[in-house]
Amino acid sequence: MDELKFNKIFAGVLLAALLMMAGVKLGEVLVPSHHGHGHDEAKGHAYPIEVTEVASTAAAAAPAGPEPILALLAEADVAAGMKLAKKCTACHVFDEGGANKVGPALYNIVNADKGAVAGFGYSTALAEFGGGWDYDALNQFLYKPKAYISGTKMNFAGLKKPQDRANMIAYLRSLSGAPAALPTDAEIASEAQ
Ligand code: HEC
């Protein structure tokens with residue numbers, strides 16, 4: 001027997017063996033081992049797919065976080081911010097000398113110390129948080145209060161649109177005898193993205 005012929009026969013036997021193995025596998029799929037339970041196997045196959053989907057959904061739902069707003073402040077719409085403040089007036093007064101309600105009075109709040117309005121009973125979380133209400137802190141807090149200060153008693157979902165937060169903060173800035181300086185170009189450039 002010459003070598004070429006031997007190779008052909010060998011290849012043929014190998015192919016036959018492969019086809020037989022494939023046939024057995026195919027048979028397992030096509031003919032379920034239990035009568036009439038074909039769809040149970042389908043469920044079994046679906047499971048790993050479900051796991052993958054859950055994983056990718058979790059990744060997609062990762063918080064986007066508050067987008068930067070410093071660059072928007074100079075051109076922000078104070079009147080639009082005043083309209084947005086209707087979302088706050090159930091709990092806050094914005095007028096100079098206004099009284100505390102469910103939340104503290106908010107006149108002159110930009111750059112004020114956190115938790116420092118006289119006569120208001122703050123949560124421990126806010127009272128002990130520290131720092132002042134600079135533009136960045138307001139951006140974070142107004143995006144999602146309970147994410148920025150876990151344990152705050154401000155029950156407000158947050159302003160999700162960057163332009164809304166910029167307009168709101170521009171309005172808060174206007175509520176002062178001496179409005180805080182607008183952010184510098186350097187501050188805008190170094191704002192956390
Ligand atoms: C459901 C009531 C409620 C609404 C609505 C609400 N707040 Fe508040 N806010 C509070 C309470 C209560 C606190 C005090 C939170 C604490 O002590 O943890 C607070 C605290 C604050 C503070 C911190 C003040 C300080 O002295 O440290 C700011 C700033 C603020 N709110 C802004 C706003 C703005 C702007 C809106 C509207 C976009 C708003 N809040 C909507 C109840 C509310």
# chains A, B, ... in the order shown; residues from 1 in each chain; ligands from 1
>>> residues_near_ligand(ligand="ligand 1", cutoff="9 Å", atoms="only C-alpha atoms and all ligand atoms", output="ChimeraX atom specification")
/A:81,84-92,101-106,109-110,112-118,120-127,132-133,137-138,141-142,145-146,149-159,165,168-169,172
>>> residues_around(residues="Gln163 of chain A", least_positions_apart="6", cutoff="10 Å", atoms="only C-alpha atoms", output="JSON list (two decimals) with C-alpha atoms, in the first residue's frame")
[["chain", "number", "residue", "atom", "x", "y", "z"],
["A", 67, "GLU", "CA", -21.35, 66.17, 35.26],
["A", 68, "PRO", "CA", -19.15, 69.26, 35.73],
["A", 69, "ILE", "CA", -21.05, 72.57, 35.72],
["A", 72, "LEU", "CA", -21.88, 76.64, 32.54],
["A", 73, "LEU", "CA", -22.17, 79.08, 35.45],
["A", 76, "ALA", "CA", -26.45, 80.14, 33.33],
["A", 77, "ASP", "CA", -30.07, 81.32, 33.38],
["A", 80, "ALA", "CA", -34.79, 79.49, 34.94],
["A", 81, "GLY", "CA", -33.11, 78.67, 38.27],
["A", 169, "ILE", "CA", -26.73, 77.33, 41.49]]
>>> atom_distance(atom1="atom CA of Ser176 of chain A", atom2="atom CA of Asn108 of chain A")
4.8 Å
>>> atom_distance(atom1="atom CA of Ala79 of chain A", atom2="atom CA of Tyr143 of chain A")
19.6 Å
>>> closest_residue(among="A:Pro162, A:Thr184, A:Gln140, A:Gly177", to="Tyr107 of chain A", atoms="only C-alpha atoms")
A:Gly177
>>> closest_residue(among="A:Ala147, A:Leu175, A:Pro183, A:Gly65", to="Gly97 of chain A", atoms="only C-alpha atoms")
A:Leu175
>>> closest_residue(among="A:Leu70, A:Met82, A:Ala189, A:Ala181", to="Phe94 of chain A", atoms="only C-alpha atoms")
A:Met82
